[in-house]
$ cat structure-v4.txt   # compact mmCIF, C-alpha atoms and all ligand atoms
# COMPACT_ATOMS: atom_id res chain seq x y z
CA MET A 378 87.81 51.75 120.40
CA ALA A 379 86.71 54.65 122.61
CA GLN A 380 83.30 54.35 124.27
CA PRO A 381 80.76 56.43 122.32
CA ILE A 382 79.86 59.84 123.72
CA ARG A 383 76.38 59.87 125.22
CA ASN A 384 76.26 62.61 127.85
CA VAL A 385 76.96 66.08 126.51
CA ILE A 386 76.74 69.38 128.35
CA VAL A 387 76.61 72.71 126.54
CA PHE A 388 78.55 75.33 128.51
CA ALA A 389 77.40 78.98 128.40
CA ALA A 390 74.33 77.62 126.69
CA GLY A 391 72.17 80.73 126.90
CA GLY A 392 73.33 82.38 123.66
CA GLY A 393 72.49 81.98 119.99
CA LEU A 394 74.84 79.14 119.15
CA GLY A 395 74.17 77.45 122.50
CA ARG A 396 70.49 77.11 121.60
CA ALA A 397 71.33 75.69 118.16
CA PHE A 398 73.69 73.12 119.70
CA VAL A 399 71.26 72.05 122.44
CA GLU A 400 68.52 71.49 119.84
CA ALA A 401 70.80 69.62 117.42
CA LEU A 402 72.24 67.37 120.13
CA GLN A 403 68.73 66.54 121.32
CA ARG A 404 67.60 65.69 117.79
CA GLU A 405 70.58 63.33 117.47
CA GLY A 406 69.64 61.45 120.63
CA PHE A 407 72.39 62.56 123.06
CA ASN A 408 71.62 63.00 126.77
CA VAL A 409 71.82 66.77 126.83
CA SER A 410 72.51 69.08 129.77
CA ALA A 411 73.19 72.78 129.73
CA VAL A 412 74.83 75.26 132.05
CA THR A 413 74.35 79.00 132.20
CA ARG A 414 75.16 81.62 134.80
CA PRO A 415 72.48 82.19 137.45
CA SER A 416 71.71 85.52 135.77
CA ASN A 417 70.51 83.72 132.63
CA SER A 418 67.14 82.10 133.23
CA ILE A 419 66.82 80.34 129.87
CA SER A 420 65.34 76.85 129.98
CA TYR A 421 65.27 74.18 127.28
CA GLY A 422 62.33 72.09 128.40
CA PRO A 423 61.99 68.88 130.41
CA ASP A 424 64.45 66.79 128.37
CA VAL A 425 67.46 69.05 128.97
CA THR A 426 68.96 69.07 132.46
CA MET A 427 69.66 72.72 133.33
CA HIS A 428 72.44 73.82 135.69
CA ARG A 429 73.40 77.31 136.86
CA SER A 430 76.89 78.28 137.95
CA GLU A 431 79.17 81.26 137.99
CA TYR A 432 81.98 80.56 135.54
CA ASP A 433 84.76 80.98 138.11
CA ASP A 434 83.20 78.52 140.58
CA PHE A 435 85.48 75.48 140.17
CA ASP A 436 83.78 73.21 142.73
CA THR A 437 80.28 73.75 141.36
CA LEU A 438 81.47 73.19 137.79
CA VAL A 439 83.26 69.96 138.77
CA ALA A 440 80.03 68.68 140.34
CA ILE A 441 78.03 69.69 137.25
CA PHE A 442 80.51 68.09 134.81
CA ARG A 443 80.83 64.77 136.68
CA GLY A 444 79.35 61.99 134.52
CA GLN A 445 79.53 64.08 131.34
CA ASP A 446 81.44 62.63 128.39
CA ALA A 447 81.86 65.94 126.56
CA VAL A 448 81.59 69.67 127.17
CA VAL A 449 80.64 71.79 124.18
CA SER A 450 81.39 75.42 124.98
CA THR A 451 79.59 78.33 123.36
CA THR A 452 80.91 81.34 125.27
CA GLY A 453 80.50 84.62 123.36
CA THR A 454 83.14 86.08 121.05
CA PHE A 455 84.50 88.39 123.76
CA ALA A 456 84.03 85.91 126.62
CA ALA A 457 86.63 83.23 125.78
CA LYS A 458 88.46 83.67 129.08
CA TYR A 459 85.41 82.46 131.02
CA GLN A 460 86.25 78.94 129.79
CA LEU A 461 89.45 78.65 131.86
CA THR A 462 87.87 77.43 135.10
CA ALA A 463 85.46 75.24 133.13
CA ILE A 464 88.39 73.51 131.43
CA ASN A 465 90.09 72.90 134.79
CA ALA A 466 86.81 71.58 136.16
CA ALA A 467 86.20 69.34 133.12
CA ALA A 468 89.65 67.77 133.53
CA ALA A 469 89.06 67.25 137.26
CA ALA A 470 85.63 65.73 136.63
CA GLY A 471 86.95 63.16 134.12
CA VAL A 472 85.28 64.65 131.03
CA ARG A 473 86.78 63.11 127.87
CA ARG A 474 86.33 65.81 125.19
CA PHE A 475 86.09 69.61 125.35
CA LEU A 476 85.06 71.69 122.34
CA PRO A 477 86.18 75.26 123.07
CA SER A 478 84.12 78.15 121.74
CA GLU A 479 85.98 78.64 118.43
CA TYR A 480 83.53 78.47 115.48
CA GLY A 481 85.19 81.21 113.46
CA GLY A 482 88.59 81.85 111.87
CA ASN A 483 91.77 79.81 112.20
CA THR A 484 93.24 80.74 115.59
CA SER A 485 96.15 78.34 115.03
CA LEU A 486 97.56 80.69 112.36
CA VAL A 487 101.07 81.90 113.02
CA GLY A 488 100.72 85.59 113.82
CA VAL A 489 97.17 85.32 115.18
CA THR A 490 98.27 87.33 118.19
CA SER A 491 98.47 90.36 115.89
CA TYR A 492 94.78 89.87 115.01
CA PRO A 493 92.03 91.55 117.04
CA PRO A 494 92.18 90.34 120.65
CA PHE A 495 89.22 87.94 120.48
CA ALA A 496 91.21 85.69 118.13
CA ALA A 497 94.26 85.58 120.42
CA GLU A 498 91.99 85.01 123.43
CA LYS A 499 90.45 81.98 121.72
CA LYS A 500 93.93 80.65 120.89
CA ALA A 501 94.98 81.06 124.55
CA ILE A 502 92.10 78.76 125.48
CA VAL A 503 93.38 76.06 123.12
CA ASP A 504 96.85 76.51 124.64
CA HIS A 505 95.28 75.97 128.06
CA LEU A 506 93.51 72.83 126.83
CA ARG A 507 96.85 71.43 125.64
CA THR A 508 98.09 71.58 129.25
CA LYS A 509 95.22 69.28 130.29
CA GLU A 510 95.90 66.49 127.77
CA SER A 511 98.07 64.65 130.31
CA GLN A 512 95.02 64.52 132.63
CA GLY A 513 93.04 62.72 129.94
CA LEU A 514 90.96 65.69 128.73
CA THR A 515 91.05 65.80 124.93
CA TRP A 516 89.89 68.76 122.81
CA THR A 517 88.86 69.71 119.29
CA ALA A 518 88.86 73.29 117.96
CA LEU A 519 86.19 73.59 115.25
CA CYS A 520 86.87 76.37 112.71
CA VAL A 521 84.08 77.31 110.30
CA GLY A 522 84.85 80.83 109.02
CA SER A 523 81.83 83.12 109.20
CA PHE A 524 78.26 81.96 109.85
CA PHE A 525 76.67 82.33 106.43
CA SER A 526 72.94 82.59 107.10
CA TRP A 527 73.44 84.12 110.57
CA VAL A 528 75.15 87.24 109.21
CA LEU A 529 72.49 87.63 106.53
CA GLU A 530 69.69 87.25 109.06
CA GLU A 531 71.19 89.52 111.67
CA GLY A 532 70.51 92.66 109.71
CA LYS A 533 72.99 94.79 111.66
CA GLY A 534 75.57 95.18 108.93
CA THR A 535 77.87 92.35 110.00
CA LEU A 536 80.12 91.51 107.06
CA GLY A 537 78.42 94.35 105.22
CA TRP A 538 74.95 92.84 104.81
CA ASP A 539 71.70 94.52 105.67
CA ILE A 540 69.11 92.54 103.78
CA ASP A 541 66.28 94.23 105.71
CA LYS A 542 67.18 97.49 103.99
CA GLY A 543 68.40 95.84 100.76
CA GLU A 544 71.85 97.34 101.32
CA VAL A 545 75.38 96.03 101.32
CA THR A 546 78.81 97.46 102.00
CA ILE A 547 81.35 95.81 99.73
CA TYR A 548 84.80 95.59 101.29
CA ASP A 549 87.71 96.35 98.96
CA SER A 550 87.11 94.62 95.60
CA GLY A 551 84.46 92.26 97.01
CA ASP A 552 86.37 89.42 95.35
CA GLN A 553 88.15 88.20 98.48
CA GLU A 554 87.32 84.50 98.97
CA PHE A 555 86.52 83.24 102.44
CA ASP A 556 85.09 80.12 104.06
CA THR A 557 81.60 80.36 105.46
CA THR A 558 79.28 77.85 107.13
CA THR A 559 75.61 77.64 108.00
CA VAL A 560 74.80 77.15 111.68
CA ASN A 561 73.15 73.82 110.79
CA GLN A 562 76.43 72.67 109.28
CA VAL A 563 78.37 73.94 112.34
CA ALA A 564 76.13 71.80 114.55
CA ARG A 565 76.46 68.79 112.22
CA ALA A 566 80.24 69.14 112.35
CA ALA A 567 80.33 69.42 116.16
CA ILE A 568 78.19 66.29 116.49
CA ALA A 569 80.32 64.42 113.94
CA ILE A 570 83.39 65.32 116.02
CA LEU A 571 81.77 63.67 119.04
CA ARG A 572 81.25 60.56 116.89
CA ASN A 573 84.80 60.51 115.51
CA LEU A 574 86.81 60.88 118.69
CA GLU A 575 90.10 59.36 117.57
CA GLU A 576 90.44 61.29 114.30
CA THR A 577 89.54 64.60 115.96
CA LYS A 578 91.59 64.22 119.16
CA ASN A 579 93.63 67.29 120.19
CA THR A 580 93.47 69.02 116.84
CA TYR A 581 91.95 71.84 114.84
CA VAL A 582 89.19 70.83 112.43
CA PHE A 583 88.20 72.97 109.44
CA VAL A 584 84.85 72.74 107.70
CA ASN A 585 82.63 75.00 105.60
CA SER A 586 79.43 75.18 103.63
CA PHE A 587 80.89 77.34 100.86
CA VAL A 588 83.97 79.24 99.77
CA ILE A 589 82.49 82.45 98.47
CA THR A 590 83.08 86.16 97.82
CA GLN A 591 80.86 89.11 98.69
CA ASN A 592 80.24 89.79 95.00
CA GLN A 593 79.07 86.20 94.43
CA THR A 594 76.72 86.44 97.43
CA LEU A 595 75.37 89.78 96.17
CA SER A 596 74.69 88.34 92.70
CA ALA A 597 72.81 85.40 94.22
CA LEU A 598 70.72 87.65 96.50
CA GLU A 599 69.84 90.07 93.68
CA ARG A 600 68.95 87.22 91.32
CA ILE A 601 66.75 85.44 93.87
CA GLN A 602 65.07 88.62 95.16
CA GLY A 603 64.78 90.10 91.67
CA LYS A 604 65.93 93.56 92.80
CA PRO A 605 69.22 95.44 92.98
CA TYR A 606 70.90 96.19 96.33
CA LYS A 607 72.16 99.63 97.27
CA VAL A 608 75.94 99.25 97.34
CA SER A 609 78.50 101.29 99.29
CA HIS A 610 82.20 100.64 99.73
CA ASP A 611 84.67 100.31 102.59
CA SER A 612 87.90 98.45 103.31
CA TRP A 613 88.66 95.61 105.72
CA SER A 614 91.57 97.54 107.24
CA ALA A 615 89.46 100.66 107.97
CA ALA A 616 86.75 98.47 109.53
CA ARG A 617 89.28 96.72 111.70
CA SER A 618 90.84 100.03 112.85
CA ARG A 619 87.42 101.43 113.78
CA GLY A 620 86.62 98.21 115.64
CA LEU A 621 89.86 98.31 117.61
CA GLU A 622 89.29 101.97 118.52
CA ALA A 623 85.79 101.15 119.78
CA LEU A 624 87.13 98.22 121.76
CA GLU A 625 89.75 100.44 123.39
CA ARG A 626 86.95 102.81 124.41
CA GLY A 627 85.21 99.78 125.95
CA ASP A 628 82.41 99.97 123.41
CA ILE A 629 82.19 96.29 122.42
CA GLU A 630 78.66 96.64 121.03
CA VAL A 631 79.80 99.23 118.50
CA GLY A 632 83.18 97.60 117.84
CA TYR A 633 81.95 94.03 117.39
CA HIS A 634 80.68 94.32 113.82
CA ASP A 635 83.64 96.28 112.48
CA LEU A 636 86.13 93.99 114.22
CA VAL A 637 84.55 90.79 112.96
CA THR A 638 84.10 92.24 109.47
CA GLY A 639 87.66 93.56 109.31
CA THR A 640 89.00 90.18 110.45
CA ILE A 641 86.94 87.95 108.16
CA TYR A 642 87.73 90.01 105.03
CA ASP A 643 91.43 90.31 105.89
CA PRO A 644 93.20 88.78 102.86
CA GLY A 645 95.37 86.74 105.24
CA HIS A 646 94.12 83.21 105.79
CA PHE A 647 92.22 83.68 109.06
CA ALA A 648 88.87 82.93 107.42
CA HIS A 649 90.11 81.35 104.21
CA PHE A 650 91.24 77.85 104.99
CA LYS A 651 93.36 75.42 102.98
CA ALA A 652 90.94 73.66 100.60
CA ASP A 653 92.59 70.26 101.02
CA GLU A 654 92.27 70.52 104.83
CA VAL A 655 88.57 71.32 104.59
CA SER A 656 88.05 68.51 102.10
CA LYS A 657 89.89 66.06 104.36
CA TRP A 658 87.76 66.95 107.39
CA LYS A 659 84.50 66.88 105.48
CA LYS A 660 85.30 63.33 104.35
CA ILE A 661 86.19 62.22 107.89
CA LEU A 662 83.08 63.84 109.34
CA GLN A 663 80.89 62.70 106.42
CA LEU A 664 79.62 66.18 105.68
CA ASN A 665 78.35 67.12 102.22
CA GLU A 666 81.11 68.51 100.03
CA LYS A 667 78.91 71.51 99.09
CA GLU A 668 75.61 72.90 100.33
CA ASP A 669 73.02 74.45 98.08
CA LEU A 670 73.75 78.22 98.04
CA ASP A 671 70.40 79.25 96.52
CA GLY A 672 68.56 76.96 98.93
CA VAL A 673 70.30 78.47 101.97
CA ILE A 674 69.65 82.04 100.78
CA MET A 675 66.00 81.26 100.05
CA GLU A 676 65.60 79.80 103.54
CA VAL A 677 66.88 83.10 105.04
CA LEU A 678 64.62 85.19 102.80
CA ARG A 679 61.60 83.01 103.54
CA LYS A 680 62.17 83.29 107.29
CA LYS A 681 62.01 87.06 106.88
CA ASN A 682 59.02 86.90 104.49
CA TYR A 683 61.01 88.53 101.68
CA ILE A 684 60.09 85.83 99.17
N1 LIG A 701 81.80 82.78 112.70
C1 LIG A 701 80.76 83.57 112.91
O1 LIG A 701 80.27 84.28 112.01
C2 LIG A 701 80.13 83.58 114.26
C3 LIG A 701 78.93 84.25 114.47
C4 LIG A 701 78.38 84.22 115.74
C5 LIG A 701 79.06 83.56 116.77
N2 LIG A 701 80.24 82.93 116.51
C6 LIG A 701 81.00 82.25 117.59
O2 LIG A 701 80.15 81.32 118.25
C7 LIG A 701 80.42 81.33 119.65
C8 LIG A 701 79.13 81.65 120.42
O3 LIG A 701 78.66 82.88 119.97
P1 LIG A 701 77.23 83.45 120.39
O4 LIG A 701 76.95 84.60 119.49
O5 LIG A 701 76.27 82.34 120.47
O6 LIG A 701 77.58 84.00 121.84
P2 LIG A 701 76.71 84.96 122.78
O7 LIG A 701 75.28 84.69 122.54
O8 LIG A 701 77.22 86.35 122.65
O9 LIG A 701 77.18 84.46 124.21
C9 LIG A 701 77.08 83.09 124.56
C10 LIG A 701 77.18 82.95 126.04
O10 LIG A 701 78.46 83.39 126.51
C11 LIG A 701 78.34 83.80 127.85
N3 LIG A 701 78.88 85.15 128.05
C12 LIG A 701 78.83 86.19 127.19
N4 LIG A 701 79.41 87.28 127.74
C13 LIG A 701 79.83 86.89 128.97
C14 LIG A 701 80.51 87.54 130.01
N5 LIG A 701 80.87 88.83 129.92
N6 LIG A 701 80.77 86.86 131.13
C15 LIG A 701 80.43 85.56 131.24
N7 LIG A 701 79.79 84.88 130.27
C16 LIG A 701 79.50 85.53 129.15
C17 LIG A 701 76.85 83.84 128.19
O11 LIG A 701 76.58 82.69 128.96
P3 LIG A 701 75.22 82.46 129.76
O12 LIG A 701 74.54 81.41 128.96
O13 LIG A 701 75.66 82.02 131.10
O14 LIG A 701 74.47 83.75 129.82
C18 LIG A 701 76.18 83.81 126.83
O15 LIG A 701 74.91 83.24 126.79
C19 LIG A 701 81.55 82.36 119.85
O16 LIG A 701 82.79 81.68 119.86
C20 LIG A 701 81.43 83.25 118.63
O17 LIG A 701 82.65 83.88 118.29
C21 LIG A 701 80.79 82.93 115.29
$ encode --input "structure-v4.txt" --output "structure tokens" --more "lines below"
Ligand SMILES: NC(=O)c1ccc[n+]([C@@H]2O[C@H](COP(=O)([O-])OP(=O)(O)OC[C@H]3O[C@@H](n4cnc5c(N)ncnc54)[C@H](OP(=O)(O)O)[C@@H]3O)[C@@H](O)[C@H]2O)c1
Amino acid sequence: MAQPIRNVIVFAAGGGLGRAFVEALQREGFNVSAVTRPSNSISYGPDVTMHRSEYDDFDTLVAIFRGQDAVVSTTGTFAAKYQLTAINAAAAAGVRRFLPSEYGGNTSLVGVTSYPPFAAEKKAIVDHLRTKESQGLTWTALCVGSFFSWVLEEGKGTLGWDIDKGEVTIYDSGDQEFDTTTVNQVARAAIAILRNLEETKNTYVFVNSFVITQNQTLSALERIQGKPYKVSHDSWSAARSRGLEALERGDIEVGYHDLVTGTIYDPGHFAHFKADEVSKWKKILQLNEKEDLDGVIMEVLRKKNYI
């Protein structure tokens, strides 16, 4: 049996998911380190060993990764390529498991290269990881669909929601099903992967909190808040086109929300996984079959003082 993972370093740890992973790994008793670029001055307190490195500095990254059992990467959606040198360094340093920054749709789908570029860029990282298997570096790509509570909390219109204004844009019929996961469940799944090394070696893993539609989410929000939302309509394909145009202009900030929205609500299977796959992985990782939808929504609304 493989030695248990004890030393875990979160790579590109200065973002939103990085923070959630550092905190969850600490709670679960791992020896946690974190690396950010020198330009990011975030610190996680005395129990987390902080490192700074540029992400193309192979030698520094090898030195940082030496003695680590696993690297959990949380590079941003449009920053997948910054993992390339880190993967080379992890292999050279003798790291056993690398979790690339996936945490979204299924980038192993045939035809993913025709999706918006961030999906293909994430897939290219998995392809690069495959070339390192012979050096003893194993990998797991964790796919979770959209982040359920995150998009509700964000309040910028991602996936159509703006709960601060009590508004939603429904895409197409609003009945498109997709997989979605709370950040807590994403962290639980990542940690369970580190505790189930053999089953999760060199493979994609699919988990969720719910399979849901926009209309079902809207009904739950309206019922819990006791007020109707202002509804407008759009289509996933129009959102995706606008996002791609913005990206071509170099305007990632503007394009991000449309691109992500147009990709998640695409009726292809990018963010709607095979139910039996999800069920299989939840059993292996010992995750609850279903989370409590009302409970998760109420937690978001409470955080914002709306209930
Ligand atoms: N499924 C969903 O709904 C959903 C929602 C949100 C995020 N995600 C996924 O979760 C992962 C992490 O997302 P996040 O929102 O936490 O990321 P983020 O905060 O945007 O970025 C995370 C880190 O990536 C690094 N980074 C970003 N841009 C960079 C650049 N141009 N050059 C070099 N490094 C750069 C930074 O590292 P430093 O720490 O060095 O500054 C940053 O702190 C991504 O794969 C994202 O797609 C999924």
$ residues_near_ligand --input "structure-v4.txt" --ligand "ligand LIG 701 (chain A)" --cutoff "6 Å" --atoms "all atoms listed in the file" --output "list in words"
Ala389, Ala390, Gly391, Gly392, Gly393, Leu394, Gly395, Thr413, Arg414, Asn417, Thr451, Thr452, Gly453, Thr454, Ala456, Tyr459, Ser478, Glu479, Tyr480, Gly481, Gly522, Ser523 and Phe524 of chain A
$ closest_residue --input "structure-v4.txt" --among "A:Ile661, A:Leu595, A:Leu514, A:Val399" --to "A:Ile547" --atoms "all atoms listed in the file"
A:Leu595
$ closest_residue --input "structure-v4.txt" --among "A:Ile419, A:Val425, A:Ile641, A:Val489" --to "A:Asp556" --atoms "all atoms listed in the file"
A:Ile641
$ closest_residue --input "structure-v4.txt" --among "A:Thr517, A:Pro423, A:Asn592, A:Ala623" --to "A:Ala567" --atoms "only C-alpha atoms"
A:Thr517
$ atom_distance --input "structure-v4.txt" --atom1 "atom CA of A:Ala518" --atom2 "atom CA of A:Asp669"
25.4 Å
$ closest_residue --input "structure-v4.txt" --among "A:Gly543, A:Val677, A:Thr577, A:Lys533" --to "A:Asp635" --atoms "all atoms listed in the file"
A:Lys533
$ atom_distance --input "structure-v4.txt" --atom1 "atom CA of A:Lys660" --atom2 "atom CA of A:Asp643"
27.7 Å
$ closest_residue --input "structure-v4.txt" --among "A:Leu519, A:Leu536, A:Ala468, A:Ala401" --to "A:Val584" --atoms "all atoms listed in the file"
A:Leu519
$ residues_around --input "structure-v4.txt" --residues "A:Gly632" --least-positions-apart "3" --cutoff "8 Å" --atoms "only C-alpha atoms" --output "NGL selection string"
:A and (619-624 or 628-629 or 635-636)
$ write_last_selection --input "structure-v4.txt" --atoms "C-alpha atoms" --output "PDB file, keeping the file's coordinate frame"
ATOM      1  CA  ARG A 619      87.420 101.430 113.780  1.00  0.00           C
ATOM      2  CA  GLY A 620      86.620  98.210 115.640  1.00  0.00           C
ATOM      3  CA  LEU A 621      89.860  98.310 117.610  1.00  0.00           C
ATOM      4  CA  GLU A 622      89.290 101.970 118.520  1.00  0.00           C
ATOM      5  CA  ALA A 623      85.790 101.150 119.780  1.00  0.00           C
ATOM      6  CA  LEU A 624      87.130  98.220 121.760  1.00  0.00           C
ATOM      7  CA  ASP A 628      82.410  99.970 123.410  1.00  0.00           C
ATOM      8  CA  ILE A 629      82.190  96.290 122.420  1.00  0.00           C
ATOM      9  CA  ASP A 635      83.640  96.280 112.480  1.00  0.00           C
ATOM     10  CA  LEU A 636      86.130  93.990 114.220  1.00  0.00           C
TER      11      LEU A 636
END
$ residues_around --input "structure-v4.txt" --residues "A:Glu676" --least-positions-apart "3" --cutoff "12 Å" --atoms "all atoms listed in the file" --output "list in words"
Phe525, Ser526, Trp527, Leu529, Glu530, Thr559, Leu598, Ile601, Asp669, Leu670, Asp671, Gly672, Val673, Arg679, Lys680, Lys681, Asn682, Tyr683 and Ile684 of chain A
$ atom_distance --input "structure-v4.txt" --atom1 "atom CA of A:Arg473" --atom2 "atom CA of A:Asp446"
5.4 Å
